[in-house]
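So this block is data.tsv, TSV, C-alpha atoms:
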chain	number	residue	atom	x	y	z
G	1	MET	CA	-107.75	65.69	64.18
G	2	LYS	CA	-105.64	67.85	61.89
G	3	LYS	CA	-106.13	67.93	58.13
G	4	GLU	CA	-103.91	69.30	55.40
G	5	PHE	CA	-105.00	72.54	53.72
G	6	ARG	CA	-103.62	74.24	50.60
G	7	CYS	CA	-103.49	77.98	51.18
G	8	THR	CA	-102.61	80.74	48.74
G	9	ARG	CA	-102.09	84.45	49.26
G	10	ASN	CA	-104.70	86.68	47.60
G	11	ALA	CA	-102.58	89.85	47.68
G	12	LEU	CA	-100.48	90.64	44.65
G	13	TYR	CA	-96.93	89.38	44.95
G	14	MET	CA	-94.36	92.14	45.19
G	15	ASP	CA	-91.68	90.04	43.44
G	16	ASP	CA	-91.42	89.98	39.66
G	17	CYS	CA	-92.62	86.41	39.10
G	18	ALA	CA	-95.31	84.47	37.24
G	19	GLY	CA	-97.62	84.56	40.28
G	20	ARG	CA	-97.41	88.31	40.66
G	21	ASP	CA	-100.58	89.01	38.68
G	22	ASP	CA	-101.94	85.50	38.08
G	23	LEU	CA	-103.36	83.55	41.06
G	24	ARG	CA	-103.24	80.30	39.05
G	25	GLU	CA	-99.42	80.49	38.99
G	26	ARG	CA	-99.03	80.73	42.75
G	27	GLN	CA	-97.46	78.03	44.84
G	28	GLY	CA	-99.63	76.88	47.71
G	29	HIS	CA	-98.64	76.68	51.34
G	30	TYR	CA	-99.56	73.27	52.76
G	31	ILE	CA	-100.63	73.68	56.36
G	32	TRP	CA	-101.83	71.08	58.84
G	33	ALA	CA	-104.68	72.49	60.94
G	34	ILE	CA	-107.89	71.41	62.63
G	35	ASN	CA	-110.08	73.40	60.21
G	36	GLU	CA	-110.04	76.04	57.44
G	37	GLU	CA	-110.16	78.92	59.93
G	38	ALA	CA	-107.09	77.63	61.79
G	39	ALA	CA	-105.22	77.29	58.47
G	40	TRP	CA	-106.28	80.87	57.57
G	41	GLN	CA	-105.00	82.11	60.93
G	42	GLU	CA	-101.63	80.40	60.34
G	43	MET	CA	-101.35	82.22	57.02
G	44	ALA	CA	-102.20	85.46	58.82
G	45	LYS	CA	-99.27	84.84	61.20
G	46	ARG	CA	-96.92	84.28	58.28
G	47	TYR	CA	-98.20	87.23	56.21
G	48	PRO	CA	-99.72	89.73	58.67
G	49	LYS	CA	-99.68	92.59	56.16
G	50	GLU	CA	-101.90	90.58	53.78
G	51	THR	CA	-104.90	89.86	56.01
G	52	THR	CA	-107.04	92.51	54.31
G	53	ALA	CA	-106.66	90.79	50.93
G	54	GLY	CA	-106.98	87.46	52.71
G	55	PHE	CA	-106.05	83.93	51.78
G	56	THR	CA	-107.69	81.17	49.81
G	57	VAL	CA	-107.91	77.95	51.84
G	58	HIS	CA	-108.97	74.55	50.54
G	59	GLU	CA	-108.76	71.16	52.19
G	60	TRP	CA	-106.03	69.24	50.39
G	61	PHE	CA	-106.85	65.64	49.60
G	62	GLY	CA	-103.39	64.83	48.33
G	63	GLY	CA	-102.37	65.87	44.89
G	64	GLY	CA	-100.09	62.92	44.40
G	65	ASN	CA	-96.42	63.06	45.19
G	66	THR	CA	-95.83	66.39	43.46
G	67	THR	CA	-93.28	68.62	45.12
G	68	VAL	CA	-92.24	71.97	43.66
G	69	MET	CA	-88.46	71.81	43.46
G	70	GLU	CA	-85.90	74.56	43.03
G	71	LEU	CA	-82.47	74.22	41.50
G	72	TYR	CA	-79.40	75.27	43.44
G	73	ASP	CA	-75.66	74.63	43.23
G	74	GLY	CA	-75.95	71.22	44.90
G	75	GLY	CA	-78.86	69.88	42.81
G	76	LYS	CA	-82.59	70.07	43.56
G	77	ARG	CA	-84.49	70.69	46.77
G	78	PRO	CA	-88.05	71.69	47.73
G	79	ALA	CA	-88.90	75.30	46.96
G	80	GLY	CA	-88.88	77.39	50.13
G	81	LEU	CA	-86.56	75.09	52.10
G	82	ILE	CA	-84.26	77.86	53.38
G	83	LYS	CA	-87.21	80.15	54.17
G	84	ALA	CA	-88.88	77.34	56.14
G	85	LEU	CA	-85.68	76.59	58.06
G	86	LYS	CA	-85.29	80.28	58.89
G	87	GLU	CA	-88.79	80.14	60.35
G	88	VAL	CA	-87.73	77.12	62.46
G	89	GLN	CA	-84.60	79.01	63.55
G	90	ALA	CA	-86.68	82.06	64.52
G	91	THR	CA	-88.74	79.98	66.96
G	92	GLY	CA	-85.61	79.48	69.08
G	93	LYS	CA	-86.85	75.98	69.95
G	94	CYS	CA	-84.17	74.03	68.07
G	95	ASN	CA	-80.44	73.84	67.90
G	96	MET	CA	-80.25	73.97	64.10
G	97	LEU	CA	-77.54	71.30	64.12
G	98	ASP	CA	-80.18	68.90	65.50
G	99	SER	CA	-81.82	67.72	62.27
G	100	GLY	CA	-84.45	65.71	64.17
G	101	CYS	CA	-85.66	68.79	66.03
G	102	ALA	CA	-85.63	70.87	62.83
G	103	ILE	CA	-87.70	68.23	61.00
G	104	ALA	CA	-90.20	68.03	63.88
G	105	MET	CA	-90.55	71.84	63.92
G	106	LEU	CA	-91.01	71.92	60.13
G	107	ASN	CA	-93.90	69.51	60.56
G	108	ASN	CA	-95.36	71.59	63.40
G	109	LEU	CA	-95.17	74.73	61.25
G	110	GLY	CA	-96.98	73.03	58.38
G	111	TYR	CA	-94.02	72.29	56.12
G	112	LYS	CA	-94.72	68.54	55.85
G	113	THR	CA	-93.38	68.14	52.30
G	114	ILE	CA	-90.14	69.92	53.20
G	115	ALA	CA	-89.80	67.92	56.43
G	116	ASP	CA	-90.29	64.64	54.56
G	117	TRP	CA	-87.71	65.60	51.92
G	118	LEU	CA	-85.21	66.65	54.57
G	119	GLY	CA	-85.69	63.37	56.43
G	120	GLU	CA	-84.90	61.48	53.23
G	121	ASN	CA	-81.87	63.69	52.43
G	122	LEU	CA	-80.08	64.04	55.77
G	123	GLY	CA	-76.73	63.73	54.00
G	124	LYS	CA	-77.31	67.22	52.58
G	125	TYR	CA	-78.35	68.75	55.90
G	126	ILE	CA	-74.96	70.13	56.96
G	127	ASP	CA	-74.53	71.93	53.62
G	128	ILE	CA	-78.05	73.34	53.93
G	129	ILE	CA	-77.28	74.58	57.45
G	130	ASP	CA	-74.07	76.21	56.17
G	131	GLU	CA	-76.20	78.09	53.64
G	132	LEU	CA	-78.79	79.00	56.27
G	133	LEU	CA	-76.15	80.51	58.54
G	134	LYS	CA	-74.57	82.72	55.84
Go ahead and render the structure in this file as structure tokens.
Amino acid sequence: MKKEFRCTRNALYMDDCAGRDDLRERQGHYIWAINEEAAWQEMAKRYPKETTAGFTVHEWFGGGNTTVMELYDGGKRPAGLIKALKEVQATGKCNMLDSGCAIAMLNNLGYKTIADWLGENLGKYIDIIDELLK
């Protein structure tokens, strides 16, 4: 049975942001996996150049309904939404106009929070896809 794990990157961020030099400021990646090692391996797939520094993986027992949101022209959405959808697109397994397929793939890739938000905000999906395809 899969469990949810919160994973963070140990390598220094290259971007100029709060998490660049302070691990406490880093956003976690929430990954569904059968164990910590499988979650670590998923992070290694996403960040292959950072395997030497490694990743911190902890089983996530639900931190409430907290979702890190970003502001954009149309309001608020989960941080990393476009990046996650680009990952779905890169799999080649979904027609990106098929929101149901995209949501299923988001879940399969470990983006449960983003998938849940998207399912609740389908009215915004076409605008999000327009942005994704730019």
(message) When you look at Tyr125 in chain G with a cut-off of 12 Å (counting all atoms listed in the file), what residues show up, excluding the ones that are within fewer than 4 positions of it in the same chain? I need them as a PyMOL selection string.
(response) chain G and resi 74+77+81-82+85+96-100+102-103+115+117-121+129-132
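The spacing separating CA of Cys94 in chain G from CA of Tyr111 in chain G amounts to 15.6 Å.
The nearest approach to Met43 in chain G among the residues G:Cys7, G:Leu12, G:Ala79, G:Val88, with all atoms listed in the file taken into account, belongs to G:Cys7.
Minimum distance to Phe5 in chain G across G:Ala38, G:Val57, G:Met105, G:Leu122 (counting only C-alpha atoms) occurs at G:Val57.
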(request) Have a look at CA of Ala11 in chain G and CA of Gln41 in chain G and let me know their distance in Å, one decimal. (result) 15.5 Å
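The residue that comes closest to Ala39 in chain G, out of G:Cys101, G:Ala90, G:Leu109, G:Ile128 and on the basis of all atoms listed in the file, is G:Leu109.
What separates CA of Gln89 in chain G from CA of Leu133 in chain G is a distance of 9.9 Å.
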Identify, on the basis of all atoms listed in the file, every residue whose closest approach to Asn107 in chain G does not exceed 9 Å; exclude the query and any residue fewer than 6 positions from it along the same chain; express the result as a compact mmCIF listing (two decimals) with C-alpha atoms, in the frame of the given file.
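Full text of out_30.txt as output:
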# COMPACT_ATOMS: atom_id res chain seq x y z
CA ILE G 31 -100.63 73.68 56.36
CA TRP G 32 -101.83 71.08 58.84
CA THR G 113 -93.38 68.14 52.30
CA ILE G 114 -90.14 69.92 53.20
CA ALA G 115 -89.80 67.92 56.43
CA ASP G 116 -90.29 64.64 54.56
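For the choices G:Pro48, G:Phe61, G:Asn95, G:Ala84, the atom-to-atom distance to Lys112 in chain G is smallest for G:Ala84 when using only C-alpha atoms.
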May I have the residues within 8 Å of Thr8 in chain G as a PDB file with C-alpha atoms, keeping the file's coordinate frame, using only C-alpha atoms and disregarding those fewer than 2 positions away in the same chain?
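Saved result, selection.pdb, follows:
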ATOM      1  CA  ARG G   6    -103.620  74.240  50.600  1.00  0.00           C
ATOM      2  CA  ASN G  10    -104.700  86.680  47.600  1.00  0.00           C
ATOM      3  CA  ARG G  26     -99.030  80.730  42.750  1.00  0.00           C
ATOM      4  CA  GLN G  27     -97.460  78.030  44.840  1.00  0.00           C
ATOM      5  CA  GLY G  28     -99.630  76.880  47.710  1.00  0.00           C
ATOM      6  CA  HIS G  29     -98.640  76.680  51.340  1.00  0.00           C
ATOM      7  CA  PHE G  55    -106.050  83.930  51.780  1.00  0.00           C
ATOM      8  CA  THR G  56    -107.690  81.170  49.810  1.00  0.00           C
ATOM      9  CA  VAL G  57    -107.910  77.950  51.840  1.00  0.00           C
TER      10      VAL G  57
END
(request) Compare G:Pro78, G:Arg9, G:Glu59, G:Tyr30 by their minimum atom-to-atom distance to Ala44 in chain G, counting all atoms listed in the file, and give me the closest one. (result) G:Arg9
